[in-house]
$ cat my_file-v4.cif   # mmCIF, C-alpha atoms
data_work
loop_
_atom_site.label_atom_id
_atom_site.label_comp_id
_atom_site.auth_asym_id
_atom_site.auth_seq_id
_atom_site.Cartn_x
_atom_site.Cartn_y
_atom_site.Cartn_z
CA MET A 150 148.99 -6.93 190.82
CA SER A 151 147.78 -3.90 192.73
CA SER A 152 149.15 -3.18 196.16
CA LEU A 153 146.59 -2.00 198.68
CA ASP A 154 147.65 -0.18 201.82
CA VAL A 155 144.55 -1.07 203.84
CA ARG A 156 143.68 1.17 206.79
CA ASN A 157 140.04 0.07 207.04
CA SER A 158 138.45 -3.16 205.80
CA GLY A 159 135.91 -1.04 203.94
CA LEU A 160 138.52 -0.58 201.21
CA HIS A 161 137.86 -4.17 200.10
CA ASP A 162 134.20 -3.26 199.51
CA LEU A 163 135.49 -0.92 196.79
CA ILE A 164 138.51 -2.86 195.48
CA ALA A 165 139.09 -6.61 195.64
CA PRO A 166 142.34 -7.54 197.45
CA ASP A 167 143.87 -9.28 194.42
CA THR A 168 142.83 -6.77 191.76
CA PRO A 169 145.54 -6.37 189.11
CA ILE A 170 146.67 -3.03 187.73
CA GLU A 171 147.19 -3.03 183.97
CA ARG A 172 149.63 -0.67 182.26
CA VAL A 173 147.78 0.36 179.10
CA ALA A 174 150.12 3.07 177.79
CA GLY A 175 153.77 3.96 178.39
CA GLY A 176 156.75 5.81 177.01
CA LEU A 177 155.19 9.19 177.77
CA TRP A 178 156.72 12.10 179.67
CA PHE A 179 154.24 13.41 182.24
CA THR A 180 150.58 12.38 181.99
CA GLU A 181 147.65 14.22 183.58
CA GLY A 182 143.96 15.05 183.37
CA PRO A 183 142.27 11.84 182.15
CA VAL A 184 138.63 11.79 181.05
CA TRP A 185 136.57 9.04 179.41
CA ARG A 186 134.72 10.07 176.26
CA GLY A 187 132.98 8.05 173.59
CA GLY A 188 134.73 4.75 174.19
CA ALA A 189 138.18 6.28 174.55
CA LEU A 190 140.37 7.77 177.25
CA LEU A 191 141.68 11.28 176.68
CA PHE A 192 144.56 12.58 178.79
CA SER A 193 147.11 15.38 178.78
CA ASP A 194 150.73 14.78 177.83
CA ILE A 195 151.89 18.06 179.37
CA PRO A 196 155.52 18.46 178.20
CA ASN A 197 154.53 17.53 174.64
CA ASN A 198 151.64 20.03 174.59
CA ARG A 199 149.00 17.60 173.44
CA ILE A 200 145.89 15.67 174.39
CA VAL A 201 146.34 11.94 173.79
CA ARG A 202 143.56 9.49 172.90
CA TRP A 203 143.82 5.85 174.02
CA ARG A 204 141.31 3.21 172.95
CA ARG A 205 141.05 -0.53 172.48
CA LEU A 206 140.44 -1.68 168.91
CA ALA A 207 139.85 -5.19 167.61
CA GLU A 208 143.42 -5.29 166.36
CA GLY A 209 144.86 -3.95 169.62
CA PRO A 210 145.26 -0.74 171.61
CA GLU A 211 145.68 2.57 169.78
CA LEU A 212 147.47 5.68 171.07
CA THR A 213 147.09 8.83 168.99
CA THR A 214 147.16 12.62 169.37
CA TYR A 215 143.62 13.95 169.76
CA ALA A 216 144.62 17.62 169.79
CA THR A 217 147.74 19.74 170.18
CA GLY A 218 148.13 22.64 172.58
CA HIS A 219 148.39 23.21 176.30
CA SER A 220 146.26 21.31 178.79
CA ASN A 221 146.35 19.82 182.26
CA GLY A 222 142.99 18.85 183.74
CA LEU A 223 140.32 17.76 181.27
CA THR A 224 136.58 17.25 181.67
CA LEU A 225 133.41 17.23 179.58
CA ASP A 226 130.63 19.79 179.54
CA ARG A 227 126.96 18.83 179.61
CA GLN A 228 127.00 18.43 175.83
CA GLY A 229 129.94 16.01 175.97
CA ARG A 230 132.46 18.53 174.63
CA VAL A 231 136.05 18.54 175.91
CA LEU A 232 137.05 21.32 178.31
CA ALA A 233 140.69 21.95 179.16
CA ALA A 234 142.36 23.70 182.08
CA GLU A 235 145.32 25.08 180.18
CA HIS A 236 148.25 24.85 182.56
CA GLY A 237 150.76 26.47 180.20
CA GLY A 238 148.19 28.46 178.23
CA ARG A 239 146.93 30.13 181.42
CA ARG A 240 143.30 29.87 180.35
CA VAL A 241 140.27 27.57 180.18
CA THR A 242 139.18 26.42 176.74
CA ARG A 243 136.71 24.20 174.91
CA VAL A 244 138.45 21.86 172.48
CA ALA A 245 136.63 20.83 169.31
CA ASP A 246 137.14 17.42 167.75
CA GLY A 247 139.20 19.04 165.01
CA GLY A 248 141.46 20.68 167.58
CA ALA A 249 140.12 24.24 167.39
CA ARG A 250 139.89 25.94 170.77
CA THR A 251 137.34 28.38 172.12
CA VAL A 252 138.56 30.49 175.05
CA LEU A 253 136.13 30.40 177.97
CA ALA A 254 138.23 32.21 180.58
CA GLU A 255 141.67 33.80 180.63
CA GLN A 256 141.28 36.84 182.88
CA PHE A 257 139.61 37.76 186.13
CA GLN A 258 138.99 41.43 186.95
CA GLY A 259 141.27 42.45 184.10
CA LYS A 260 144.24 40.38 185.24
CA ARG A 261 145.58 37.25 183.62
CA LEU A 262 144.88 33.91 185.30
CA ASN A 263 147.79 32.04 186.91
CA SER A 264 147.71 28.54 185.40
CA PRO A 265 144.37 26.69 185.52
CA ASN A 266 145.07 23.21 186.80
CA ASP A 267 141.94 21.08 187.18
CA ILE A 268 138.33 21.50 186.17
CA VAL A 269 134.83 20.13 186.86
CA VAL A 270 131.36 20.91 185.52
CA LYS A 271 128.19 21.04 187.64
CA SER A 272 124.87 19.76 186.30
CA ASP A 273 123.67 23.35 185.74
CA GLY A 274 126.53 23.85 183.27
CA SER A 275 128.70 26.00 185.52
CA ILE A 276 132.44 25.32 185.43
CA TYR A 277 134.70 25.28 188.47
CA PHE A 278 138.49 25.33 188.17
CA THR A 279 141.57 25.75 190.33
CA ASP A 280 144.25 28.33 189.53
CA PRO A 281 147.61 27.74 191.24
CA PRO A 282 150.73 29.44 189.84
CA TYR A 283 152.70 26.37 188.68
CA ALA A 284 153.11 27.43 185.05
CA VAL A 285 153.56 31.18 185.49
CA GLN A 286 157.27 30.36 185.56
CA PRO A 287 157.43 26.87 184.03
CA SER A 288 159.55 24.09 185.44
CA THR A 289 160.04 20.45 184.51
CA PRO A 290 156.79 18.58 185.28
CA GLY A 291 157.18 16.21 188.17
CA MET A 292 160.31 17.87 189.52
CA ALA A 293 160.24 19.12 193.11
CA ARG A 294 160.26 22.88 193.68
CA PRO A 295 161.90 24.67 196.61
CA GLU A 296 159.98 24.58 199.88
CA GLY A 297 157.45 27.40 200.03
CA TRP A 298 158.19 28.58 196.49
CA TRP A 299 154.64 29.88 196.00
CA LYS A 300 155.09 32.45 198.78
CA ALA A 301 157.85 34.35 196.96
CA PRO A 302 157.15 36.90 194.20
CA ILE A 303 156.66 35.11 190.87
CA PRO A 304 157.51 37.17 187.77
CA GLY A 305 154.49 37.33 185.47
CA LYS A 306 151.94 36.45 188.16
CA GLU A 307 149.03 38.92 188.10
CA GLN A 308 146.36 37.47 190.36
CA PRO A 309 146.74 38.35 194.06
CA CYS A 310 145.64 34.89 195.20
CA HIS A 311 145.72 31.27 194.14
CA GLY A 312 142.01 30.93 193.69
CA VAL A 313 139.17 28.64 192.80
CA TYR A 314 136.74 30.08 190.26
CA ARG A 315 133.22 29.47 189.02
CA LEU A 316 132.36 30.26 185.42
CA ALA A 317 128.59 30.54 185.04
CA PRO A 318 126.79 29.43 181.86
CA ASP A 319 126.34 33.11 180.95
CA GLY A 320 130.12 33.63 181.07
CA LYS A 321 130.21 35.54 184.35
CA MET A 322 133.14 34.57 186.60
CA GLN A 323 133.30 34.62 190.36
CA LEU A 324 136.09 33.84 192.80
CA VAL A 325 134.61 31.21 195.12
CA ALA A 326 137.71 30.47 197.27
CA GLU A 327 140.85 32.50 197.77
CA ASP A 328 142.51 31.07 200.90
CA PHE A 329 144.37 28.18 199.27
CA ALA A 330 148.13 27.93 198.96
CA LEU A 331 148.14 25.57 195.95
CA PRO A 332 144.60 24.51 194.97
CA ASN A 333 144.66 21.50 192.70
CA GLY A 334 142.11 18.70 192.19
CA LEU A 335 138.40 19.14 192.75
CA ALA A 336 135.26 16.99 192.60
CA PHE A 337 131.60 17.24 193.52
CA SER A 338 129.78 14.88 195.86
CA PRO A 339 127.15 12.78 194.02
CA ASP A 340 124.32 15.21 194.89
CA GLU A 341 126.56 18.26 194.21
CA SER A 342 125.90 19.67 197.68
CA VAL A 343 129.62 19.48 198.51
CA LEU A 344 132.68 20.48 196.48
CA TYR A 345 135.94 18.81 197.48
CA ILE A 346 139.15 20.71 196.72
CA ASP A 347 142.63 19.60 197.66
CA ASP A 348 145.59 21.80 198.54
CA SER A 349 148.93 20.44 197.36
CA ALA A 350 150.92 22.67 199.69
CA HIS A 351 149.01 21.87 202.87
CA LYS A 352 148.48 18.22 201.86
CA HIS A 353 144.82 18.01 202.69
CA ILE A 354 141.36 17.83 201.13
CA ARG A 355 138.81 20.46 202.07
CA ALA A 356 135.05 20.11 201.76
CA PHE A 357 132.78 23.09 201.03
CA ALA A 358 129.02 23.38 201.05
CA VAL A 359 127.76 24.61 197.67
CA ARG A 360 125.28 27.47 197.97
CA ALA A 361 122.26 27.91 195.70
CA ASP A 362 124.08 30.73 193.87
CA GLY A 363 127.07 28.47 193.19
CA GLY A 364 129.29 30.00 195.83
CA LEU A 365 131.08 27.99 198.50
CA THR A 366 130.75 28.17 202.27
CA ASN A 367 131.63 26.35 205.50
CA GLY A 368 135.00 25.03 204.35
CA ARG A 369 136.44 22.25 206.51
CA ILE A 370 139.29 19.79 206.29
CA LEU A 371 137.97 16.41 205.17
CA LEU A 372 141.24 14.46 205.08
CA ASP A 373 144.77 15.20 206.23
CA MET A 374 147.13 13.62 203.68
CA ALA A 375 150.41 14.58 205.33
CA SER A 376 153.01 11.91 204.65
CA ASN A 377 156.75 11.47 204.18
CA ASP A 378 156.09 9.52 200.98
CA PRO A 379 156.73 11.34 197.69
CA GLY A 380 153.86 13.18 196.06
CA VAL A 381 151.16 15.71 196.96
CA PRO A 382 147.36 15.78 196.71
CA ASP A 383 146.45 16.21 193.05
CA GLY A 384 143.62 14.71 190.97
CA MET A 385 140.39 13.65 192.63
CA LYS A 386 137.24 11.68 191.76
CA VAL A 387 134.17 10.52 193.73
CA ASP A 388 132.15 7.32 193.30
CA VAL A 389 128.35 7.12 193.31
CA GLU A 390 128.35 6.29 197.04
CA GLY A 391 130.34 9.43 197.85
CA ASN A 392 133.72 7.81 198.50
CA VAL A 393 136.63 10.08 197.57
CA PHE A 394 139.64 8.89 195.55
CA CYS A 395 142.56 11.33 195.52
CA THR A 396 146.07 10.91 194.14
CA GLY A 397 148.65 11.91 196.70
CA PRO A 398 151.75 10.87 198.63
CA GLY A 399 152.63 7.28 197.79
CA GLY A 400 149.55 6.50 195.72
CA VAL A 401 145.78 7.02 195.55
CA TRP A 402 144.13 7.81 198.89
CA VAL A 403 140.57 6.58 199.45
CA CYS A 404 138.23 7.91 202.12
CA ARG A 405 134.55 7.95 202.93
CA ALA A 406 132.42 11.07 202.71
CA ASP A 407 132.87 11.55 206.48
CA GLY A 408 136.67 11.59 206.06
CA THR A 409 137.34 8.05 207.32
CA LEU A 410 140.53 6.91 205.62
CA LEU A 411 140.09 3.47 204.02
CA GLY A 412 143.60 3.18 202.62
CA ARG A 413 145.71 3.73 199.55
CA ILE A 414 146.15 2.16 196.12
CA ILE A 415 149.87 1.79 195.40
CA LEU A 416 150.84 1.92 191.72
CA PRO A 417 154.14 1.17 189.96
CA GLU A 418 154.54 4.92 189.35
CA LEU A 419 153.37 7.90 191.37
CA PRO A 420 149.92 8.89 190.02
CA ALA A 421 148.91 12.46 189.28
CA ASN A 422 145.25 12.05 188.33
CA LEU A 423 142.49 9.54 187.70
CA ALA A 424 139.16 9.08 185.93
CA TRP A 425 136.24 6.68 185.76
CA GLY A 426 135.95 4.90 182.41
CA GLU A 427 134.44 2.10 180.35
CA ASP A 428 131.17 1.14 182.12
CA GLY A 429 131.95 3.40 185.08
CA THR A 430 133.47 0.66 187.26
CA VAL A 431 137.02 1.05 185.93
CA LEU A 432 139.55 3.57 187.18
CA PHE A 433 142.26 4.91 184.88
CA PHE A 434 145.34 6.53 186.43
CA THR A 435 147.75 8.94 184.76
CA ALA A 436 151.11 8.29 186.41
CA ARG A 437 154.25 10.00 185.17
CA THR A 438 155.30 8.12 182.01
CA SER A 439 152.34 5.74 181.89
CA VAL A 440 148.60 5.20 182.11
CA TYR A 441 147.19 2.37 184.25
CA ARG A 442 143.79 0.67 184.44
CA MET A 443 142.10 -1.02 187.42
CA GLN A 444 138.74 -2.72 187.86
CA THR A 445 136.81 -1.73 191.00
CA ARG A 446 133.79 -3.01 192.92
CA THR A 447 132.20 0.43 192.88
CA ARG A 448 131.19 2.87 190.18
CA GLY A 449 131.69 6.49 189.24
CA ALA A 450 129.41 8.66 187.16
CA LEU A 451 130.56 8.96 183.55
CA LEU A 452 130.60 12.50 182.18
CA GLY A 453 128.82 14.12 179.30
#
$ encode --input "my_file-v4.cif" --output "structure tokens"
Amino acid sequence: MSSLDVRNSGLHDLIAPDTPIERVAGGLWFTEGPVWRGGALLFSDIPNNRIVRWRRLAEGPELTTYATGHSNGLTLDRQGRVLAAEHGGRRVTRVADGGARTVLAEQFQGKRLNSPNDIVVKSDGSIYFTDPPYAVQPSTPGMARPEGWWKAPIPGKEQPCHGVYRLAPDGKMQLVAEDFALPNGLAFSPDESVLYIDDSAHKHIRAFAVRADGGLTNGRILLDMASNDPGVPDGMKVDVEGNVFCTGPGGVWVCRADGTLLGRIILPELPANLAWGEDGTVLFFTARTSVYRMQTRTRGALLG
């Protein structure tokens, strides 16, 4: 069964009180970046440098390797093709069904990117991604780092900031935010007028107005996620009503578009990311060694 930490009764409008959480895959190392595509869930198995495909078949569930190589956050472009924020590869790529990769971004102003973490695509085809320095000097995924580690010099780090970037359809890149400590998950509001970006170091979600040219302005804190529970703000998704679901300390935090905290979804393992799947009413969670599935009373937009 799921465990709901209810802070506002509105949470039950989105998730029934007795909704079970189903473990659909296990025995993995550190799962991340889920995305639903063509009747299957794709997700990153970071330490094993692969993208995994999970799907239900008539004879039972199937878990296979979709592609090998680095990846963290995954999404789909407007043509339904897989895009990967390559944590260890320090680049953004498009991954073909046969596994071949096309590099979309690996430098900005002649300097190598840090380690692209999460990625979203706007309806005009532009790609936004976060670029914290987690993989410049790799560590064991899921293991805590020293307090304030990102402030010290990091050998191999070339970018002067931990930025958020926009890659236009014509290939031109722009730095759209540079005042984050550790930018991580990001998601658009349903009408794409707002881009939500969380900061793992400061444990909050910020909301930015999206300008006509794709730039960001008027950044504000939407939700303070400070907590003594383990975990930090990470993956994020939005439903069609504008409610925000963000993995973080102790579970998945849920708030309204005005920042009202509705509560948390508590899973058997600490989740890192999430995605809408199946008919759009189901949430899948990548959580350490496992992947979990939960039915909701709301709906998210499926990609592609």
$ residues_around --input "my_file-v4.cif" --residues "A:Gly453" --least-positions-apart "3" --cutoff "8 Å" --atoms "all atoms listed in the file" --output "JSON, numbers by chain"
{"A": [186, 225, 226, 227, 228, 229, 230]}
$ write_last_selection --input "my_file-v4.cif" --atoms "C-alpha atoms" --output "PDB file, in the coordinates of the input"
ATOM      1  CA  ARG A 186     134.720  10.070 176.260  1.00  0.00           C
ATOM      2  CA  LEU A 225     133.410  17.230 179.580  1.00  0.00           C
ATOM      3  CA  ASP A 226     130.630  19.790 179.540  1.00  0.00           C
ATOM      4  CA  ARG A 227     126.960  18.830 179.610  1.00  0.00           C
ATOM      5  CA  GLN A 228     127.000  18.430 175.830  1.00  0.00           C
ATOM      6  CA  GLY A 229     129.940  16.010 175.970  1.00  0.00           C
ATOM      7  CA  ARG A 230     132.460  18.530 174.630  1.00  0.00           C
TER       8      ARG A 230
END
$ closest_residue --input "my_file-v4.cif" --among "A:Gly426, A:Gly187, A:Gly218, A:Gly397" --to "A:Arg442" --atoms "all atoms listed in the file"
A:Gly426
$ resolve_selection --input "my_file-v4.cif" --expression "the PyMOL selection byres ((chain A and resi 197) around 12)" --output "PyMOL selection string"
chain A and resi 177-181+192-196+198-201+214+216-221+237+289-290+438
$ atom_distance --input "my_file-v4.cif" --atom1 "atom CA of A:Val343" --atom2 "atom CA of A:Leu410"
18.1 Å
$ residues_around --input "my_file-v4.cif" --residues "stretch 319-336 of chain A" --least-positions-apart "2" --cutoff "6 Å" --atoms "all atoms listed in the file" --output "PyMOL selection string"
chain A and resi 267+279+281+310+312-317+344-350+364-365+383-386
$ residues_around --input "my_file-v4.cif" --residues "A:Val431" --least-positions-apart "5" --cutoff "6 Å" --atoms "all atoms listed in the file" --output "ChimeraX atom specification"
/A:425-426,443-445
$ write_last_selection --input "my_file-v4.cif" --atoms "C-alpha atoms" --output "compact mmCIF listing (two decimals), in the coordinates of the input"
# COMPACT_ATOMS: atom_id res chain seq x y z
CA TRP A 425 136.24 6.68 185.76
CA GLY A 426 135.95 4.90 182.41
CA MET A 443 142.10 -1.02 187.42
CA GLN A 444 138.74 -2.72 187.86
CA THR A 445 136.81 -1.73 191.00
$ atom_distance --input "my_file-v4.cif" --atom1 "atom CA of A:Gly305" --atom2 "atom CA of A:Asn263"
8.7 Å
$ closest_residue --input "my_file-v4.cif" --among "A:Gly175, A:Leu212, A:Val285, A:Asp167" --to "A:Leu190" --atoms "only C-alpha atoms"
A:Leu212
$ resolve_selection --input "my_file-v4.cif" --expression "the PyMOL selection byres ((chain A and resi 424) around 8)" --output "ChimeraX atom specification"
/A:183-185,386,422-423,425-426,432-434
$ atom_distance --input "my_file-v4.cif" --atom1 "atom CA of A:Ala233" --atom2 "atom CA of A:Arg261"
16.7 Å
$ resolve_selection --input "my_file-v4.cif" --expression "the PyMOL selection byres ((chain A and resi 375) around 9)" --output "PyMOL selection string"
chain A and resi 351-353+373-374+376-378+381+398
$ residues_near_point --input "my_file-v4.cif" --point "(158.1, 35.0, 189.4)" --cutoff "12 Å" --atoms "only C-alpha atoms" --output "mmCIF file with C-alpha atoms, keeping the file's coordinate frame"
data_model
loop_
_atom_site.group_PDB
_atom_site.id
_atom_site.type_symbol
_atom_site.label_atom_id
_atom_site.label_comp_id
_atom_site.auth_asym_id
_atom_site.auth_seq_id
_atom_site.Cartn_x
_atom_site.Cartn_y
_atom_site.Cartn_z
ATOM 1 C CA ASN A 263 147.790 32.040 186.910
ATOM 2 C CA PRO A 282 150.730 29.440 189.840
ATOM 3 C CA TYR A 283 152.700 26.370 188.680
ATOM 4 C CA ALA A 284 153.110 27.430 185.050
ATOM 5 C CA VAL A 285 153.560 31.180 185.490
ATOM 6 C CA GLN A 286 157.270 30.360 185.560
ATOM 7 C CA PRO A 287 157.430 26.870 184.030
ATOM 8 C CA SER A 288 159.550 24.090 185.440
ATOM 9 C CA TRP A 298 158.190 28.580 196.490
ATOM 10 C CA TRP A 299 154.640 29.880 196.000
ATOM 11 C CA LYS A 300 155.090 32.450 198.780
ATOM 12 C CA ALA A 301 157.850 34.350 196.960
ATOM 13 C CA PRO A 302 157.150 36.900 194.200
ATOM 14 C CA ILE A 303 156.660 35.110 190.870
ATOM 15 C CA PRO A 304 157.510 37.170 187.770
ATOM 16 C CA GLY A 305 154.490 37.330 185.470
ATOM 17 C CA LYS A 306 151.940 36.450 188.160
ATOM 18 C CA GLU A 307 149.030 38.920 188.100
#
$ residues_around --input "my_file-v4.cif" --residues "A:Asp407" --least-positions-apart "2" --cutoff "12 Å" --atoms "only C-alpha atoms" --output "PyMOL selection string"
chain A and resi 338+343+345+354-356+369-372+390-393+403-405+409-411
$ axis_aligned_box --input "my_file-v4.cif" --around "stretch 302-305 of chain A" --padding-each-side "6 Å" --output "AutoDock Vina command-line options"
--center_x 156.0 --center_y 36.2 --center_z 189.8 --size_x 15.0 --size_y 14.2 --size_z 20.7
$ closest_residue --input "my_file-v4.cif" --among "A:Asp246, A:Asp362, A:Asp273, A:Glu211" --to "A:Leu232" --atoms "all atoms listed in the file"
A:Asp246
$ closest_residue --input "my_file-v4.cif" --among "A:Val440, A:Ala234, A:Ala450, A:Ala293" --to "A:Ala174" --atoms "all atoms listed in the file"
A:Val440
